[in-house]
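Worksheet for the structure shown next.
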Amino acid sequence: MILSPAKAIVRFRLPIIGFWIVVAILALPRAATVHEALQVEGQTLQDSDSRTAADLIRREFPGPISEYFAVTLTGPVPIDSASYMALLDSLTRVALAEPYISRVLSYLSTPAEEEFLVSEDRLTTFFIAAATGNESGSATDWVPPFRAAIHGTLERIQWASAFQVHVTGGPALDYDIRTVSKEDTERGERKSLPFAAAVLILAFGALVAAFLPLVVGLFAIECALALVHVATGFYPMSVFVLTIVTMLGLGVGIDYSLLIVTRFREELNRGRSSREAAERTIATAGRAVVTSGLTVLLGFAGLLITPITETRSIAIGGLFVVAAAVLLSVTLLPASLSILGRGIDRPRWLAKRLAWYHAPTGWERWARWLGHHPWRALLIGGVAIAAITWPLANIKIGLPRSGWFPANTESTDGVAALEGVGARGALQPVRMVIRAPEGERILSSRYLRGLKRLSDTIKTDPRVAQVRGPVDIEPGMSILRYTMLYGNMEAARARAPEFYAAYLSRDNRTTLMDVMIQDSTSLTNSMDVVRDIRAMISEGVRGLNGVDIVIGGFFAGSVDLQDRLLEQFPSIIAFILIATALMLFIAFQSILVPIKAVIMNCLSVAGAFGLTVLVFQHGVGGSIFGLEEPTEAVYVVVPVVVFAVVFGLSMDYEVFLLSRIKEAFDRTGRNDQATMEGLTATASVITSAAAIMLIVFGTFAFSRVLPAKMLGFGLAAAVLLDATLIRMVLVPAFLHIAGDWNWWPGVPRKPKGRKEELPTETPVETEAQPGAAPAPDAHP
């Protein structure tokens, strides 16, 4: 005889528990070291200008400066003093001695760059240490040894303690973001777990019952992180996957377990044995968990459409952690419950003290009021959600004005020192790769005037601090002198070999211009500089006919990413909406329920976006979350990820509520009574689950990494709105108004003229207290 899944899980409960114990032991080492395998540096888009520029720089130039460290020095004496010069000389020598450093650019080696390398008060300078292009390691991996070499030198020179030295630059910023992300993830777990445990104790009135969901949530995180570690061997995974896996593992894992344990206790209180209760729980609540999990998985599957590592990593991590939470909730948890039985209610004295929380009186009154006044509830809820969504009309997508670099890190302190020199733009220049037709020299007299015209035009932009390139080596130098200089390229290269190795290709066909952005220019406005340069190039530059010009660098990559994501966002939305609606139609055999669910979820997402714009872009209450000033823009990845994640998570509560209402409707055949009964029975579970989600996501809203902060806030806001205005007000009001149309065509409508009378009391099966006597209708 073939056993049903529920009976099979209960019958083979000991092997199932043993299997998961083995999985936990095997997963732990990989989960504990996953952060070492993750990457911070973003991947440029395939088939984009920024990717083409990066490839050309790496392939064509003999000594490209693509990744480098910037070491800042601030001293108590001017740079001209003997001690300052001695320290600078020692640090540059130590840096150059490192095997992964190809060259060093400093005030000592290029005094002509004094204006660029030294601050006006002459107390601060910096030098550039260019990393080699060795493929055996990433420049981010070299940050710890490079910092150790620099700071070790300072420790050996006693009088050097008066100087402030910071190692920053792209690799250092990436390394610090990865480190901070790991620290914030661990801190988020530590802070959220006690509060989540308190909510679970309050919801269950028992320590054992409250402990089980925490175990499932942590176990889901461990399994997902181990799978992410394995996945890094096949696909580059972003460090942001740590945040999403931890948030979802705790939130979804605890939510699903909460539903399972709650239903198990109800079945016990109806007089069933522990095995029967576990089987019934799998058949009812387990089915709701699987349906809910599939909707969340669909949301993450939509992110796989996106073209970048960050969002695909979040999608893969989300798929892993939600799948793990579902499997654990419908296998390990019921298997454990069938063994524990009434043991989950220990200690019993705690239930008596928390009995007030389980009293259904308040939710019954609310359900009856909604049943009698659905139009009024729909109007009030609709106005409230419209007001919350209103700021969304003014959303601005782009890189934030402030807060992009995590505070209280060495690399961020180094950025502040660079701003004192006026050279922050050196960290992220706009890189223009200019390529002559095949067989021609880009620095020939034919193109020099056009190159100079292009450079001078860009310099007139007040957002630009400096342009560096072969036609900008000396201020005021004439075209005639440049023509004479580049008439003999071998002699020109001999004068400054390192400069031309970085700015002129081996075959003299391709050159490079670096556009340094003013420190006062925001990141979003820096993206506009890229757009303006591209627009100017598309119109044509006189003197550069037939020349190919592509724009690369961080800001160009950000523009390409934003344009591509916004272009694909409608496709992602359509995929998630259609797939979710089809799945709900199959689950509930209804046309109206999927349409209503999609609309309500869109309202949750829109409300979350509105609050995100209000707090981050406009800065209203932003100081609570550590913002020093409004960001003035929302990072493009945030709306895409929040939509996909929130749409799935919101469907959790929709499935929890509708499954119970449908169960009551199938038993009674009365829509209004079923709606009241389902709302009363699930309101406590939904609000408790939402409170846990709010705690977990809200903790990450205080992260030091701005994208993680925005994600945590957006998800927390969506859960808050969804569990209150949407599921407790708008959804039941709509169900009352729609009547039997809710279940058509799966259930035939009643003949016209038969109007359902609303009960004055809600005949709902509520959860009895731990240790209570079995209900008389224990075996319906």
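Order determines the names: the first chain of the structure tokens is A, the second B, and so forth; residues in each chain are numbered 1 upward, and ligands are numbered 1 upward as they are shown.
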
- Would you return as a VMD selection string the members of segment 300-486 of chain A that DSSP assigns to alpha helix (DSSP H) on this structure's backbone? chain A and resid 300 to 303 309 to 327 333 to 340 348 to 353 355 to 358 361 to 372 374 to 389 410 to 421 445 to 459 479 to 485

- Item | Exercise: Thr631 of chain A partners within 7 Å, only C-alpha atoms, chain neighbours under 5 positions left out, as a ChimeraX atom specification | /A:400-402,616-617

Output of the above residues as a JSON list (two decimals), in the first residue's frame, restricted to N, CA, C and O atoms:
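The file below, result.json, is the result:
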[["chain", "number", "residue", "atom", "x", "y", "z"],
["A", 400, "PRO", "N", 22.43, 56.89, -4.25],
["A", 400, "PRO", "CA", 22.09, 57.84, -3.19],
["A", 400, "PRO", "C", 23.14, 58.92, -3.03],
["A", 400, "PRO", "O", 24.33, 58.72, -3.31],
["A", 401, "ARG", "N", 22.69, 60.05, -2.54],
["A", 401, "ARG", "CA", 23.59, 61.19, -2.35],
["A", 401, "ARG", "C", 24.58, 60.94, -1.22],
["A", 401, "ARG", "O", 25.74, 61.35, -1.28],
["A", 402, "SER", "N", 24.14, 60.25, -0.19],
["A", 402, "SER", "CA", 24.99, 60.02, 0.98],
["A", 402, "SER", "C", 24.76, 58.63, 1.52],
["A", 402, "SER", "O", 23.77, 57.98, 1.21],
["A", 616, "PHE", "N", 13.77, 57.56, 3.13],
["A", 616, "PHE", "CA", 15.14, 57.62, 2.60],
["A", 616, "PHE", "C", 15.33, 58.77, 1.62],
["A", 616, "PHE", "O", 16.24, 59.58, 1.79],
["A", 617, "GLN", "N", 14.50, 58.83, 0.60],
["A", 617, "GLN", "CA", 14.70, 59.87, -0.41],
["A", 617, "GLN", "C", 14.44, 61.26, 0.15],
["A", 617, "GLN", "O", 15.19, 62.20, -0.14]]

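Ranking A:Ala224, A:Leu730, A:Leu193, A:Leu657 by their shortest atom-to-atom distance to Leu379 of chain A, with only C-alpha atoms included, puts A:Leu730 first.
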
Residues within 9 Å of Leu123 of chain A, only C-alpha atoms, excluding chain neighbours under 6 positions, as a PDB file with all heavy atoms, in the first residue's frame:
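As written to disk, out15.pdb reads:
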ATOM      1  N   LEU A  73      47.578  60.048   4.029  1.00  0.00           N
ATOM      2  CA  LEU A  73      48.394  60.448   5.183  1.00  0.00           C
ATOM      3  C   LEU A  73      48.000  61.855   5.608  1.00  0.00           C
ATOM      4  O   LEU A  73      47.964  62.766   4.769  1.00  0.00           O
ATOM      5  CB  LEU A  73      49.888  60.443   4.848  1.00  0.00           C
ATOM      6  CG  LEU A  73      50.607  59.116   4.625  1.00  0.00           C
ATOM      7  CD1 LEU A  73      50.394  58.637   3.199  1.00  0.00           C
ATOM      8  CD2 LEU A  73      52.106  59.304   4.902  1.00  0.00           C
ATOM      9  N   THR A  74      47.716  62.016   6.873  1.00  0.00           N
ATOM     10  CA  THR A  74      47.460  63.333   7.443  1.00  0.00           C
ATOM     11  C   THR A  74      48.396  63.502   8.642  1.00  0.00           C
ATOM     12  O   THR A  74      48.374  62.697   9.582  1.00  0.00           O
ATOM     13  CB  THR A  74      45.998  63.482   7.895  1.00  0.00           C
ATOM     14  OG1 THR A  74      45.146  63.271   6.775  1.00  0.00           O
ATOM     15  CG2 THR A  74      45.754  64.874   8.468  1.00  0.00           C
ATOM     16  N   GLY A  75      49.233  64.533   8.587  1.00  0.00           N
ATOM     17  CA  GLY A  75      50.231  64.698   9.639  1.00  0.00           C
ATOM     18  C   GLY A  75      50.093  66.001  10.405  1.00  0.00           C
ATOM     19  O   GLY A  75      49.369  66.912   9.985  1.00  0.00           O
ATOM     20  N   PRO A  76      50.810  66.096  11.499  1.00  0.00           N
ATOM     21  CA  PRO A  76      50.793  67.333  12.300  1.00  0.00           C
ATOM     22  C   PRO A  76      51.681  68.421  11.720  1.00  0.00           C
ATOM     23  O   PRO A  76      51.652  69.563  12.172  1.00  0.00           O
ATOM     24  CB  PRO A  76      51.315  66.855  13.656  1.00  0.00           C
ATOM     25  CG  PRO A  76      52.226  65.702  13.321  1.00  0.00           C
ATOM     26  CD  PRO A  76      51.625  65.044  12.116  1.00  0.00           C
ATOM     27  N   VAL A  77      52.483  68.057  10.708  1.00  0.00           N
ATOM     28  CA  VAL A  77      53.403  69.014  10.078  1.00  0.00           C
ATOM     29  C   VAL A  77      53.190  68.978   8.575  1.00  0.00           C
ATOM     30  O   VAL A  77      52.645  68.011   8.034  1.00  0.00           O
ATOM     31  CB  VAL A  77      54.871  68.659  10.411  1.00  0.00           C
ATOM     32  CG1 VAL A  77      55.139  68.853  11.898  1.00  0.00           C
ATOM     33  CG2 VAL A  77      55.185  67.226  10.009  1.00  0.00           C
ATOM     34  N   PRO A  78      53.602  70.028   7.842  1.00  0.00           N
ATOM     35  CA  PRO A  78      53.420  70.047   6.390  1.00  0.00           C
ATOM     36  C   PRO A  78      54.220  68.948   5.709  1.00  0.00           C
ATOM     37  O   PRO A  78      55.180  68.408   6.250  1.00  0.00           O
ATOM     38  CB  PRO A  78      53.915  71.445   5.985  1.00  0.00           C
ATOM     39  CG  PRO A  78      53.866  72.245   7.231  1.00  0.00           C
ATOM     40  CD  PRO A  78      54.141  71.303   8.353  1.00  0.00           C
ATOM     41  N   ILE A  79      53.819  68.637   4.499  1.00  0.00           N
ATOM     42  CA  ILE A  79      54.463  67.557   3.742  1.00  0.00           C
ATOM     43  C   ILE A  79      55.913  67.883   3.423  1.00  0.00           C
ATOM     44  O   ILE A  79      56.716  66.978   3.193  1.00  0.00           O
ATOM     45  CB  ILE A  79      53.665  67.280   2.448  1.00  0.00           C
ATOM     46  CG1 ILE A  79      54.154  65.977   1.800  1.00  0.00           C
ATOM     47  CG2 ILE A  79      53.766  68.448   1.485  1.00  0.00           C
ATOM     48  CD1 ILE A  79      53.311  65.537   0.621  1.00  0.00           C
TER      49      ILE A  79
END

- Message: Please compute the atom CA of Tyr68 of chain A-atom CA of Thr409 of chain A distance, one decimal, in Å.
- Response: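 Spanning atom CA of Tyr68 of chain A to atom CA of Thr409 of chain A is a straight-line distance of 17.9 Å.
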
- Message: For segment 622-630 of chain A, find every residue with an atom within 10 Å (counting only C-alpha atoms), except residues of its own chain fewer than 2 positions away, and show them as a ChimeraX atom specification.
- Response: /A:400-403,407,612-620,632-633,698-704,706,709-710,713

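Across the model, the gap from atom CA of Tyr175 of chain A to atom CA of Glu410 of chain A is 10.4 Å.
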
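DSSP on the backbone gives strand (DSSP E or B) for these parts of segment 547-648 of chain A: Asp548, Ile549, Val550, Ile551, Gly552, Ser590 and Val634 of chain A.
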
Using all heavy atoms, can you write the selected residues to a file as a compact mmCIF listing (two decimals), in the first residue's frame?
# COMPACT_ATOMS: atom_id res chain seq x y z
N ASP A 548 35.89 55.31 -32.30
CA ASP A 548 34.95 54.70 -31.35
C ASP A 548 35.28 55.16 -29.94
O ASP A 548 36.44 55.10 -29.52
CB ASP A 548 35.03 53.17 -31.41
CG ASP A 548 34.52 52.61 -32.73
OD1 ASP A 548 33.61 53.23 -33.31
OD2 ASP A 548 35.04 51.57 -33.17
N ILE A 549 34.24 55.61 -29.22
CA ILE A 549 34.42 56.07 -27.84
C ILE A 549 33.41 55.33 -26.97
O ILE A 549 32.20 55.39 -27.22
CB ILE A 549 34.22 57.59 -27.70
CG1 ILE A 549 35.13 58.36 -28.66
CG2 ILE A 549 34.47 58.03 -26.26
CD1 ILE A 549 34.92 59.86 -28.65
N VAL A 550 33.91 54.63 -25.96
CA VAL A 550 33.03 53.95 -25.00
C VAL A 550 33.37 54.45 -23.60
O VAL A 550 34.53 54.78 -23.30
CB VAL A 550 33.18 52.42 -25.08
CG1 VAL A 550 32.59 51.88 -26.38
CG2 VAL A 550 34.63 51.99 -24.93
N ILE A 551 32.35 54.51 -22.76
CA ILE A 551 32.48 55.05 -21.41
C ILE A 551 32.38 53.92 -20.40
O ILE A 551 31.44 53.13 -20.44
CB ILE A 551 31.39 56.10 -21.12
CG1 ILE A 551 31.29 57.10 -22.27
CG2 ILE A 551 31.68 56.82 -19.81
CD1 ILE A 551 32.53 57.89 -22.50
N GLY A 552 33.36 53.84 -19.50
CA GLY A 552 33.35 52.83 -18.46
C GLY A 552 33.54 53.44 -17.09
O GLY A 552 33.46 54.66 -16.90
N SER A 590 -10.66 29.22 -8.14
CA SER A 590 -11.42 30.47 -8.18
C SER A 590 -10.75 31.44 -9.13
O SER A 590 -9.52 31.43 -9.29
CB SER A 590 -11.50 31.08 -6.77
OG SER A 590 -11.97 32.41 -6.84
N VAL A 634 16.70 56.50 -4.68
CA VAL A 634 16.58 55.13 -4.21
C VAL A 634 17.37 54.24 -5.16
O VAL A 634 17.20 54.31 -6.38
CB VAL A 634 15.11 54.68 -4.17
CG1 VAL A 634 15.00 53.21 -3.76
CG2 VAL A 634 14.31 55.55 -3.20

- Message: Between atom CA of Val326 of chain A and atom CA of Ser650 of chain A, what is the distance in Å, rounded to a tenth?
- Response: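 So the answer is 16.0 Å.
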
- Message: I need the residue nearest Asp507 of chain A from this list: A:Val208, A:Ser181, A:Ile150, A:Glu60. Use only C-alpha atoms for the distance.
- Response: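 Going through A:Val208, A:Ser181, A:Ile150, A:Glu60 one by one, the smallest distance to Asp507 of chain A is for A:Glu60.
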
- Message: Which residues are near Ala718 of chain A? Cut-off 7 Å, only C-alpha atoms, ignore same chain within fewer than 4 positions. Put them as a PyMOL selection string.
- Response: chain A and resi 604-605+607-608+646+714+722

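Considering only C-alpha atoms, the residue among A:Ala24, A:Ile221, A:Ile157, A:Ala53 positioned nearest to Ser66 of chain A is A:Ala53.
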
- Message: Would you pick out the contacts of Ala581 of chain A at 7 Å or less, using only C-alpha atoms, so that residues sharing its chain but fewer than 6 positions from it are not included, and give the list as a PyMOL selection string?
- Response: chain A and resi 594-595+598

Export of prior selection with C-alpha atoms as a short mmCIF file (atom, residue, chain, number, x, y, z; two decimals), in the first residue's frame:
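As written to disk, out_15.cif reads:
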data_model
loop_
_atom_site.label_atom_id
_atom_site.label_comp_id
_atom_site.auth_asym_id
_atom_site.auth_seq_id
_atom_site.Cartn_x
_atom_site.Cartn_y
_atom_site.Cartn_z
CA PRO A 594 -6.27 35.25 -7.57
CA ILE A 595 -7.25 38.62 -9.07
CA VAL A 598 -2.68 40.16 -6.92
#

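Near segment 486-501 of chain A, within 7 Å and counting only C-alpha atoms, sit A:Phe61, A:Pro62, A:Gly63, A:Pro64, A:Leu443, A:Ser444, not including residues fewer than 5 positions from it in the same chain.
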